[in-house]
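J.: Quick one, upload35.txt (compact mmCIF, C-alpha atoms and all ligand atoms):
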```txt
# COMPACT_ATOMS: atom_id res chain seq x y z
CA MET A 98 156.13 -18.71 -33.50
CA SER A 99 153.77 -15.80 -34.17
CA ARG A 100 155.73 -12.58 -34.50
CA SER A 101 155.11 -9.02 -35.50
CA ARG A 102 158.84 -8.18 -35.47
CA THR A 103 162.13 -10.02 -35.40
CA ARG A 104 162.61 -11.60 -31.99
CA THR A 105 165.77 -10.96 -29.99
CA ALA A 106 167.45 -13.66 -27.91
CA LEU A 107 170.07 -13.24 -25.19
CA VAL A 108 172.33 -16.23 -24.51
CA THR A 109 174.52 -16.27 -21.39
CA GLY A 110 177.92 -17.93 -21.66
CA GLY A 111 177.53 -17.45 -25.40
CA ASN A 112 181.24 -17.39 -26.20
CA ARG A 113 181.96 -21.13 -26.35
CA GLY A 114 180.61 -24.65 -26.08
CA ILE A 115 176.86 -25.17 -26.23
CA GLY A 116 176.28 -21.42 -25.80
CA ILE A 117 177.97 -20.34 -29.03
CA GLU A 118 176.15 -23.12 -30.87
CA ILE A 119 172.79 -21.93 -29.48
CA CYS A 120 173.71 -18.43 -30.72
CA ARG A 121 174.56 -19.84 -34.14
CA GLN A 122 171.32 -21.84 -34.46
CA LEU A 123 169.13 -18.96 -33.26
CA ALA A 124 170.82 -16.55 -35.70
CA ASP A 125 170.39 -19.10 -38.48
CA ALA A 126 166.69 -19.25 -37.57
CA GLY A 127 166.44 -15.49 -38.14
CA LEU A 128 166.53 -14.15 -34.59
CA GLN A 129 168.65 -11.20 -33.51
CA VAL A 130 171.16 -12.59 -31.00
CA VAL A 131 172.79 -10.94 -28.01
CA LEU A 132 175.86 -13.04 -27.24
CA ALA A 133 176.49 -12.39 -23.56
CA ALA A 134 179.92 -13.22 -22.16
CA ARG A 135 181.69 -12.32 -18.94
CA ASP A 136 184.81 -11.51 -20.97
CA THR A 137 184.02 -9.26 -23.92
CA THR A 138 187.30 -10.07 -25.68
CA ARG A 139 186.28 -13.73 -25.77
CA GLY A 140 182.73 -12.67 -26.64
CA ARG A 141 183.86 -10.55 -29.60
CA GLU A 142 186.11 -13.33 -30.87
CA ALA A 143 183.14 -15.75 -30.69
CA ALA A 144 180.89 -13.25 -32.48
CA ARG A 145 183.46 -12.87 -35.27
CA ARG A 146 183.27 -16.63 -35.81
CA LEU A 147 179.46 -16.43 -35.99
CA LYS A 148 179.44 -13.41 -38.27
CA GLY A 149 181.61 -15.45 -40.61
CA ASP A 150 178.54 -17.69 -40.85
CA GLY A 151 176.30 -14.69 -41.54
CA GLY A 152 174.75 -14.47 -38.06
CA ARG A 153 173.31 -11.24 -36.65
CA VAL A 154 175.04 -10.94 -33.31
CA ARG A 155 175.65 -8.22 -30.73
CA VAL A 156 178.10 -8.83 -27.88
CA GLU A 157 177.34 -7.75 -24.31
CA GLU A 158 179.40 -8.10 -21.15
CA LEU A 159 177.48 -10.13 -18.59
CA ASP A 160 178.83 -12.01 -15.57
CA VAL A 161 175.83 -14.01 -14.38
CA THR A 162 177.11 -14.16 -10.78
CA SER A 163 176.82 -10.39 -10.45
CA GLY A 164 173.42 -8.78 -10.13
CA ALA A 165 175.08 -5.44 -10.94
CA SER A 166 176.58 -6.83 -14.15
CA VAL A 167 173.20 -8.21 -15.24
CA THR A 168 171.41 -4.95 -14.40
CA ALA A 169 174.02 -2.91 -16.29
CA CYS A 170 173.63 -5.17 -19.33
CA ALA A 171 169.82 -4.84 -19.19
CA GLU A 172 170.16 -1.04 -18.98
CA ARG A 173 172.53 -0.86 -21.97
CA LEU A 174 170.09 -2.93 -24.01
CA ALA A 175 167.12 -0.81 -22.93
CA ASP A 176 169.06 2.36 -23.82
CA ALA A 177 169.68 0.87 -27.27
CA GLY A 178 165.95 0.13 -27.64
CA ILE A 179 166.51 -3.63 -27.59
CA GLU A 180 163.83 -5.81 -25.97
CA ILE A 181 164.80 -9.34 -25.00
CA ASP A 182 162.12 -11.81 -26.09
CA VAL A 183 164.11 -15.00 -25.55
CA LEU A 184 166.44 -15.64 -22.62
CA VAL A 185 168.73 -18.66 -22.66
CA ASN A 186 170.42 -19.26 -19.32
CA ASN A 187 173.31 -21.35 -20.58
CA ALA A 188 176.35 -20.21 -18.54
CA GLY A 189 177.50 -22.95 -16.22
CA VAL A 190 180.34 -24.46 -14.23
CA TYR A 191 180.97 -28.09 -13.35
CA PRO A 192 182.83 -28.60 -10.06
CA THR A 193 183.62 -32.27 -9.62
CA ASP A 194 184.54 -32.59 -5.90
CA SER A 195 182.90 -35.38 -3.95
CA PHE A 196 180.66 -34.16 -1.13
CA PHE A 197 183.21 -34.65 1.67
CA ALA A 198 185.95 -32.94 -0.36
CA LEU A 199 183.75 -29.98 -1.19
CA ASP A 200 184.40 -26.70 0.61
CA GLU A 201 181.91 -23.88 1.08
CA ALA A 202 183.51 -21.69 -1.60
CA GLY A 203 183.24 -24.44 -4.19
CA PHE A 204 179.63 -25.16 -3.30
CA ARG A 205 178.73 -21.46 -3.42
CA ASP A 206 180.50 -21.03 -6.77
CA ALA A 207 178.29 -23.71 -8.36
CA LEU A 208 175.18 -22.09 -6.93
CA ASP A 209 176.34 -18.59 -7.93
CA VAL A 210 176.76 -19.48 -11.59
CA ASN A 211 174.24 -22.28 -12.17
CA LEU A 212 171.40 -21.00 -9.98
CA MET A 213 171.89 -17.34 -9.08
CA GLY A 214 172.85 -16.56 -12.68
CA ALA A 215 169.39 -17.56 -13.86
CA PHE A 216 167.84 -15.78 -10.87
CA HIS A 217 169.54 -12.49 -11.82
CA THR A 218 168.71 -12.70 -15.53
CA SER A 219 165.13 -13.86 -14.94
CA GLN A 220 164.53 -10.90 -12.64
CA ALA A 221 166.10 -8.54 -15.18
CA PHE A 222 164.36 -9.73 -18.36
CA VAL A 223 161.24 -11.80 -17.61
CA PRO A 224 159.00 -9.08 -16.10
CA ALA A 225 159.09 -7.18 -19.41
CA MET A 226 158.26 -10.40 -21.31
CA ALA A 227 155.25 -10.95 -19.03
CA LYS A 228 154.16 -7.35 -19.54
CA ARG A 229 154.47 -7.64 -23.34
CA GLY A 230 152.64 -10.98 -23.25
CA TRP A 231 155.30 -12.96 -25.10
CA GLY A 232 158.54 -14.58 -24.07
CA ARG A 233 160.64 -17.73 -24.02
CA VAL A 234 163.08 -18.70 -21.27
CA VAL A 235 165.34 -21.73 -21.49
CA ASN A 236 167.35 -22.85 -18.50
CA VAL A 237 170.14 -25.14 -19.64
CA SER A 238 170.06 -27.71 -16.88
CA SER A 239 171.19 -31.31 -16.57
CA GLY A 240 169.85 -34.77 -15.84
CA LEU A 241 172.54 -34.79 -13.11
CA GLY A 242 170.14 -32.55 -11.18
CA ALA A 243 167.13 -34.86 -11.53
CA MET A 244 165.53 -35.62 -8.15
CA THR A 245 163.88 -38.69 -9.68
CA ASP A 246 167.40 -40.00 -10.38
CA ASN A 247 168.55 -39.15 -6.83
CA VAL A 248 170.59 -36.13 -8.03
CA PRO A 249 173.53 -38.16 -9.35
CA SER A 250 176.97 -36.75 -8.51
CA PRO A 251 178.97 -34.46 -8.66
CA PRO A 252 177.19 -32.98 -5.65
CA ALA A 253 177.60 -29.19 -6.04
CA TYR A 254 176.66 -29.42 -9.70
CA GLY A 255 173.70 -31.72 -9.04
CA VAL A 256 172.30 -29.54 -6.27
CA SER A 257 172.71 -26.39 -8.37
CA LYS A 258 170.90 -27.94 -11.34
CA ALA A 259 168.12 -29.37 -9.12
CA ALA A 260 167.67 -25.85 -7.77
CA LEU A 261 167.70 -24.45 -11.31
CA ASN A 262 164.92 -26.90 -12.17
CA ALA A 263 162.91 -25.65 -9.18
CA LEU A 264 163.55 -22.05 -10.29
CA THR A 265 162.23 -22.99 -13.74
CA LEU A 266 158.88 -23.94 -12.20
CA VAL A 267 158.79 -20.82 -10.04
CA VAL A 268 159.56 -18.42 -12.91
CA SER A 269 157.09 -20.25 -15.17
CA ALA A 270 154.31 -19.75 -12.63
CA ALA A 271 155.26 -16.10 -12.05
CA ALA A 272 155.47 -15.24 -15.75
CA GLY A 273 152.09 -16.62 -16.77
CA PRO A 274 151.11 -18.87 -19.67
CA ARG A 275 152.23 -16.58 -22.52
CA VAL A 276 155.86 -16.75 -21.41
CA LYS A 277 157.16 -20.30 -21.90
CA VAL A 278 159.77 -21.11 -19.24
CA ASN A 279 161.39 -24.52 -19.56
CA ALA A 280 164.55 -26.43 -18.67
CA ALA A 281 166.67 -28.41 -21.14
CA CYS A 282 169.16 -31.20 -20.61
CA PRO A 283 171.56 -31.15 -23.58
CA GLY A 284 172.89 -34.67 -22.92
CA TRP A 285 176.61 -35.37 -22.49
CA VAL A 286 178.12 -32.98 -25.01
CA ARG A 287 181.63 -32.59 -26.50
CA THR A 288 182.66 -29.22 -25.02
CA ASP A 289 185.34 -28.05 -22.59
CA MET A 290 182.92 -29.12 -19.85
CA GLY A 291 181.82 -32.41 -21.35
CA GLY A 292 185.22 -33.48 -22.67
CA SER A 293 186.31 -34.76 -26.06
CA TRP A 294 185.00 -38.27 -25.36
CA ALA A 295 181.38 -37.16 -24.85
CA PRO A 296 178.96 -38.83 -27.28
CA VAL A 297 176.82 -35.82 -28.25
CA SER A 298 177.90 -33.11 -30.73
CA VAL A 299 177.43 -29.42 -29.85
CA GLU A 300 174.92 -29.15 -32.70
CA LYS A 301 172.73 -31.86 -31.16
CA GLY A 302 173.42 -30.58 -27.63
CA ALA A 303 172.06 -27.15 -28.55
CA ASP A 304 169.02 -28.48 -30.39
CA THR A 305 166.52 -28.88 -27.54
CA ALA A 306 167.36 -25.47 -26.07
CA VAL A 307 166.86 -23.85 -29.48
CA TRP A 308 163.59 -25.74 -29.97
CA LEU A 309 162.35 -24.47 -26.57
CA ALA A 310 163.51 -20.94 -27.45
CA ARG A 311 161.28 -21.04 -30.53
CA LEU A 312 158.20 -22.78 -29.09
CA PRO A 313 154.87 -21.91 -30.66
CA ASP A 314 152.28 -20.08 -28.58
CA ASP A 315 150.57 -23.37 -27.66
CA GLY A 316 153.89 -24.88 -26.51
CA PRO A 317 154.55 -26.15 -22.99
CA THR A 318 155.78 -24.16 -20.02
CA GLY A 319 157.25 -25.41 -16.75
CA GLY A 320 158.74 -28.57 -18.22
CA PHE A 321 162.09 -30.39 -18.40
CA PHE A 322 163.16 -31.70 -21.82
CA ARG A 323 165.90 -33.73 -23.48
CA ASN A 324 165.96 -34.57 -27.19
CA ARG A 325 162.75 -32.49 -27.50
CA ARG A 326 160.96 -34.93 -25.18
CA ARG A 327 159.68 -34.28 -21.66
CA ILE A 328 161.75 -35.96 -18.93
CA ALA A 329 161.23 -36.35 -15.18
CA TRP A 330 162.59 -33.64 -12.87
P1 LIG A 401 181.61 -24.86 -21.24
O1 LIG A 401 182.13 -25.27 -22.56
O2 LIG A 401 182.46 -25.07 -20.03
O3 LIG A 401 181.16 -23.32 -21.33
C1 LIG A 401 180.66 -22.71 -20.18
C2 LIG A 401 180.25 -21.29 -20.54
O4 LIG A 401 179.74 -20.68 -19.34
C3 LIG A 401 181.42 -20.42 -21.02
O5 LIG A 401 180.98 -19.54 -22.01
C4 LIG A 401 181.79 -19.67 -19.76
O6 LIG A 401 182.44 -18.43 -20.00
C5 LIG A 401 180.40 -19.42 -19.19
N1 LIG A 401 180.44 -18.98 -17.80
C6 LIG A 401 180.96 -19.59 -16.72
N2 LIG A 401 180.84 -18.80 -15.64
C7 LIG A 401 180.24 -17.66 -16.07
C8 LIG A 401 179.84 -16.46 -15.44
N3 LIG A 401 180.07 -16.25 -14.12
N4 LIG A 401 179.21 -15.50 -16.17
C9 LIG A 401 178.98 -15.69 -17.49
N5 LIG A 401 179.37 -16.79 -18.16
C10 LIG A 401 179.98 -17.76 -17.44
O7 LIG A 401 180.24 -25.61 -20.92
P2 LIG A 401 179.13 -26.26 -21.90
O8 LIG A 401 179.40 -27.70 -21.98
O9 LIG A 401 178.99 -25.46 -23.12
O10 LIG A 401 177.84 -26.09 -20.96
C11 LIG A 401 176.83 -25.13 -21.21
C12 LIG A 401 175.66 -25.44 -20.30
O11 LIG A 401 175.21 -26.78 -20.56
C13 LIG A 401 176.01 -25.38 -18.82
O12 LIG A 401 174.95 -24.82 -18.09
C14 LIG A 401 176.17 -26.85 -18.45
O13 LIG A 401 175.93 -27.09 -17.08
C15 LIG A 401 175.13 -27.49 -19.34
N6 LIG A 401 175.36 -28.91 -19.57
C16 LIG A 401 176.46 -29.33 -20.25
C17 LIG A 401 176.66 -30.69 -20.47
C18 LIG A 401 177.85 -31.20 -21.24
O14 LIG A 401 177.98 -32.44 -21.34
N7 LIG A 401 178.71 -30.36 -21.80
C19 LIG A 401 175.73 -31.62 -19.96
C20 LIG A 401 174.61 -31.16 -19.27
C21 LIG A 401 174.43 -29.81 -19.09
P3 LIG A 401 184.07 -18.31 -20.00
O15 LIG A 401 184.53 -18.73 -21.36
O16 LIG A 401 184.30 -16.85 -19.71
O17 LIG A 401 184.58 -19.21 -18.92
```
What is this file in structure tokens?
T.:
Amino acid sequence: MSRSRTRTALVTGGNRGIGIEICRQLADAGLQVVLAARDTTRGREAARRLKGDGGRVRVEELDVTSGASVTACAERLADAGIEIDVLVNNAGVYPTDSFFALDEAGFRDALDVNLMGAFHTSQAFVPAMAKRGWGRVVNVSSGLGAMTDNVPSPPAYGVSKAALNALTLVVSAAAGPRVKVNAACPGWVRTDMGGSWAPVSVEKGADTAVWLARLPDDGPTGGFFRNRRRIAW
């Protein structure tokens, strides 16, 4: 990564699971980290755990489903003179209803968090990256949204991640080649979402997202990756 100053990364849903581990690994790599959480009490508690590891972390309130919350967060950061160079759209929910059991509210909730969240943050932070001519965006997606795998169930989750993958391509094209916009599948990871029986550790689950967040200037954009390797959408 070529850099004239320390880069700053914002991670949504940074208070637990894969998100806090992405914060930890980015801070360990020397980036300034904005740990964004919809609940600042939980966010501050998470940041205390990271600071115990020596990380440089600032907590911001950010509910990805609310455009107003995202705009307010972007304004607070701008007022503090903080430019976001790296955006990690990690916040997510995992509704498990089968298609015929799914109601409209449940379907919309998955889209609101997993798709609209990245829409709001991309609109808030990516234009400035494009203007500055440097940026990295990582959308934490899932193989459960892969069209080439027939969008395996659960349905609301799969549709939301397939749409997030499409948004990845759209934002990549809009941002231009100097802003690298990619999607990552972390694998099946031991978190509250993945469950204690999942085979992949949070450290490994965060790895591809962190790698994409720190891509060199000749790195890819508009791709979908797992274990640092390109996979089919
Ligand atoms: P997790 O442990 O359930 O954590 C989810 C995070 O998202 C929490 O920090 C949660 O905040 C936050 N969040 C939910 N709704 C939000 C909102 N409206 N605004 C802001 N933050 C919100 O999940 P995880 O396993 O770490 O998953 C992280 C990402 O990886 C998700 O996008 C998920 O789809 C993806 N993924 C996970 C797996 C897996 O096996 N775990 C597999 C593939 C993809 P609160 O604490 O406030 O609820």
J.: Near Ser257 in chain A, counting all atoms listed in the file, which residues have an atom at most 6 Å away, once you skip same-chain residues fewer than 6 positions from it, shown as a PyMOL selection string?
T.: chain A and resi 208+211-212
J.: Per residue of chain A within 7 Å of ligand LIG 401 (chain A), which atom pair is closest and at what distance in Å (one decimal), using all atoms listed in the file, listed by chain and increasing number, as a tab-separated table?
T.:
```
residue	atom	partner	partner_atom	distance
A:Thr109	CA	A:LIG401	N5	5.9
A:Gly110	CA	A:LIG401	O5	3.5
A:Gly111	CA	A:LIG401	O5	5.3
A:Asn112	CA	A:LIG401	O5	4.7
A:Arg113	CA	A:LIG401	O5	4.7
A:Gly114	CA	A:LIG401	O9	3.5
A:Ile115	CA	A:LIG401	O9	3.8
A:Gly116	CA	A:LIG401	O9	5.6
A:Ala134	CA	A:LIG401	C9	5.4
A:Arg135	CA	A:LIG401	C9	4.6
A:Asp136	CA	A:LIG401	O16	5.5
A:Arg139	CA	A:LIG401	O15	6.9
A:Leu159	CA	A:LIG401	C9	5.9
A:Asp160	CA	A:LIG401	N4	3.6
A:Val161	CA	A:LIG401	N4	4.1
A:Thr162	CA	A:LIG401	N3	4.9
A:Asn187	CA	A:LIG401	O12	4.6
A:Ala188	CA	A:LIG401	O4	3.5
A:Gly189	CA	A:LIG401	O12	3.7
A:Val190	CA	A:LIG401	C6	5.5
A:Tyr191	CA	A:LIG401	O13	6.3
A:Val210	CA	A:LIG401	N3	5.3
A:Asn211	CA	A:LIG401	O12	6.5
A:Val237	CA	A:LIG401	O12	5.1
A:Ser238	CA	A:LIG401	C21	5.3
A:Ser239	CA	A:LIG401	C20	4.4
A:Gly240	CA	A:LIG401	C20	6.9
A:Cys282	CA	A:LIG401	C20	5.6
A:Pro283	CA	A:LIG401	C20	5.3
A:Gly284	CA	A:LIG401	C19	5.1
A:Trp285	CA	A:LIG401	O14	3.4
A:Val286	CA	A:LIG401	O14	3.7
A:Arg287	CA	A:LIG401	N7	6.0
A:Thr288	CA	A:LIG401	O1	4.7
A:Asp289	CA	A:LIG401	O1	4.2
A:Met290	CA	A:LIG401	O2	4.1
A:Gly291	CA	A:LIG401	N7	3.8
A:Ala295	CA	A:LIG401	O14	6.8
```
J.: Given the choices A:Thr305, A:Ala227, A:Glu172, A:Met213, which gets closest to Lys258 in chain A if the distance is worked out from only C-alpha atoms?
T.: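 For Lys258 in chain A, the nearest of the candidates is A:Met213.
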J.: What does the distance between CA of Asp304 in chain A and CA of Glu118 in chain A come to in Å, to one decimal place?
T.: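 Straight-line distance from CA of Asp304 in chain A to CA of Glu118 in chain A works out to 8.9 Å.
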J.: Please measure the separation of CA of Phe197 in chain A and CA of Asp246 in chain A, giving the value in Å to one decimal.
T.: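 So the two atoms, CA of Phe197 in chain A and CA of Asp246 in chain A, lie 20.6 Å apart.
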J.: In Å, rounded to a single decimal, give me how far CA of Glu158 in chain A is from CA of Leu132 in chain A.
T.: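 If I compute the distance from CA of Leu132 in chain A to CA of Glu158 in chain A, I get 8.6 Å.
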J.: Kindly indicate which residue among A:Gly320, A:Gly230, A:Gly255, A:Gly292 lies nearest to Gly242 in chain A, using only C-alpha atoms for the distances.
T.: A:Gly255
J.: Please provide the set of residues having any atom within 12 Å of range 175-182 of chain A, restricted to all atoms listed in the file, with same-chain residues fewer than 4 positions apart removed, written as a ChimeraX atom specification.
T.: /A:98,100,102-108,128-132,155,157,168-171,218-219,221-235,275-278,310-311
J.: Of the candidates A:Gln220, A:Gln122, A:Thr265, A:Thr193, which one gets nearest to Leu241 in chain A if we count all atoms listed in the file?
T.: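 Comparing A:Gln220, A:Gln122, A:Thr265, A:Thr193 against Leu241 in chain A, the winner is A:Thr193.
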J.: Please determine, counting all atoms listed in the file, which residue among A:Lys148, A:Ala253, A:Ala133, A:Leu264 has the shortest atom-to-atom distance to Trp330 in chain A.
T.: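 Ranking A:Lys148, A:Ala253, A:Ala133, A:Leu264 by distance to Trp330 in chain A, first place goes to A:Leu264.
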J.: Tell me, as an MDAnalysis selection string, which residues lie within 12 Å of Leu199 in chain A, counting only C-alpha atoms; anything in the same chain fewer than 5 positions away does not count.
T.: chainID A and resid 192:194 204:207 251:254
J.: Once you've located range 307-318 of chain A in the structure I gave, write it as a compact mmCIF listing (two decimals), in the first residue's frame, keeping all heavy atoms.
T.:
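Contents of the output file out.txt:
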```
# COMPACT_ATOMS: atom_id res chain seq x y z
N VAL A 307 -9.45 -8.17 5.56
CA VAL A 307 -8.32 -7.31 5.91
C VAL A 307 -7.33 -7.24 4.75
O VAL A 307 -6.80 -6.17 4.43
CB VAL A 307 -7.64 -7.83 7.20
CG1 VAL A 307 -6.34 -7.11 7.48
CG2 VAL A 307 -8.60 -7.67 8.38
N TRP A 308 -7.12 -8.36 4.08
CA TRP A 308 -6.24 -8.38 2.89
C TRP A 308 -6.80 -7.43 1.82
O TRP A 308 -6.05 -6.63 1.24
CB TRP A 308 -6.16 -9.82 2.39
CG TRP A 308 -5.49 -10.01 1.07
CD1 TRP A 308 -4.17 -9.85 0.78
CD2 TRP A 308 -6.12 -10.42 -0.15
NE1 TRP A 308 -3.94 -10.13 -0.54
CE2 TRP A 308 -5.12 -10.49 -1.14
CE3 TRP A 308 -7.44 -10.74 -0.51
CZ2 TRP A 308 -5.39 -10.86 -2.46
CZ3 TRP A 308 -7.71 -11.11 -1.82
CH2 TRP A 308 -6.70 -11.17 -2.77
N LEU A 309 -8.11 -7.49 1.57
CA LEU A 309 -8.72 -6.60 0.57
C LEU A 309 -8.66 -5.14 1.01
O LEU A 309 -8.54 -4.24 0.18
CB LEU A 309 -10.17 -7.03 0.31
CG LEU A 309 -10.37 -8.36 -0.42
CD1 LEU A 309 -11.83 -8.78 -0.37
CD2 LEU A 309 -9.89 -8.28 -1.87
N ALA A 310 -8.75 -4.91 2.32
CA ALA A 310 -8.69 -3.54 2.84
C ALA A 310 -7.31 -2.92 2.66
O ALA A 310 -7.16 -1.71 2.70
CB ALA A 310 -9.06 -3.53 4.32
N ARG A 311 -6.31 -3.78 2.46
CA ARG A 311 -4.92 -3.30 2.38
C ARG A 311 -4.30 -3.63 1.02
O ARG A 311 -3.07 -3.71 0.89
CB ARG A 311 -4.09 -3.92 3.51
CG ARG A 311 -4.65 -3.63 4.89
CD ARG A 311 -3.80 -4.21 6.00
NE ARG A 311 -2.47 -3.60 5.99
CZ ARG A 311 -1.33 -4.29 5.97
NH1 ARG A 311 -1.35 -5.60 5.92
NH2 ARG A 311 -0.19 -3.66 5.98
N LEU A 312 -5.14 -3.78 -0.01
CA LEU A 312 -4.63 -4.13 -1.34
C LEU A 312 -3.63 -3.09 -1.83
O LEU A 312 -3.81 -1.89 -1.61
CB LEU A 312 -5.78 -4.19 -2.35
CG LEU A 312 -6.69 -5.42 -2.33
CD1 LEU A 312 -7.84 -5.21 -3.30
CD2 LEU A 312 -5.92 -6.70 -2.66
N PRO A 313 -2.62 -3.53 -2.55
CA PRO A 313 -1.73 -2.57 -3.20
C PRO A 313 -2.43 -1.87 -4.36
O PRO A 313 -3.52 -2.27 -4.77
CB PRO A 313 -0.58 -3.46 -3.72
CG PRO A 313 -1.21 -4.81 -3.90
CD PRO A 313 -2.26 -4.93 -2.82
N ASP A 314 -1.79 -0.84 -4.88
CA ASP A 314 -2.44 -0.03 -5.92
C ASP A 314 -2.70 -0.80 -7.21
O ASP A 314 -3.54 -0.39 -8.02
CB ASP A 314 -1.60 1.22 -6.21
CG ASP A 314 -1.62 2.19 -5.02
OD1 ASP A 314 -2.49 2.02 -4.14
OD2 ASP A 314 -0.76 3.07 -4.96
N ASP A 315 -1.98 -1.90 -7.43
CA ASP A 315 -2.26 -2.72 -8.62
C ASP A 315 -3.18 -3.90 -8.29
O ASP A 315 -3.30 -4.84 -9.07
CB ASP A 315 -0.95 -3.21 -9.26
CG ASP A 315 -0.15 -4.11 -8.31
OD1 ASP A 315 -0.55 -4.25 -7.12
OD2 ASP A 315 0.87 -4.68 -8.75
N GLY A 316 -3.85 -3.84 -7.14
CA GLY A 316 -4.75 -4.92 -6.73
C GLY A 316 -6.06 -4.88 -7.51
O GLY A 316 -6.36 -3.91 -8.21
N PRO A 317 -6.84 -5.94 -7.37
CA PRO A 317 -8.09 -6.05 -8.14
C PRO A 317 -9.20 -5.14 -7.60
O PRO A 317 -9.15 -4.71 -6.45
CB PRO A 317 -8.47 -7.52 -7.93
CG PRO A 317 -7.89 -7.86 -6.59
CD PRO A 317 -6.61 -7.09 -6.49
N THR A 318 -10.16 -4.87 -8.45
CA THR A 318 -11.40 -4.22 -8.00
C THR A 318 -12.57 -4.91 -8.71
O THR A 318 -12.42 -5.44 -9.81
CB THR A 318 -11.40 -2.70 -8.25
OG1 THR A 318 -12.58 -2.14 -7.64
CG2 THR A 318 -11.37 -2.35 -9.72
```
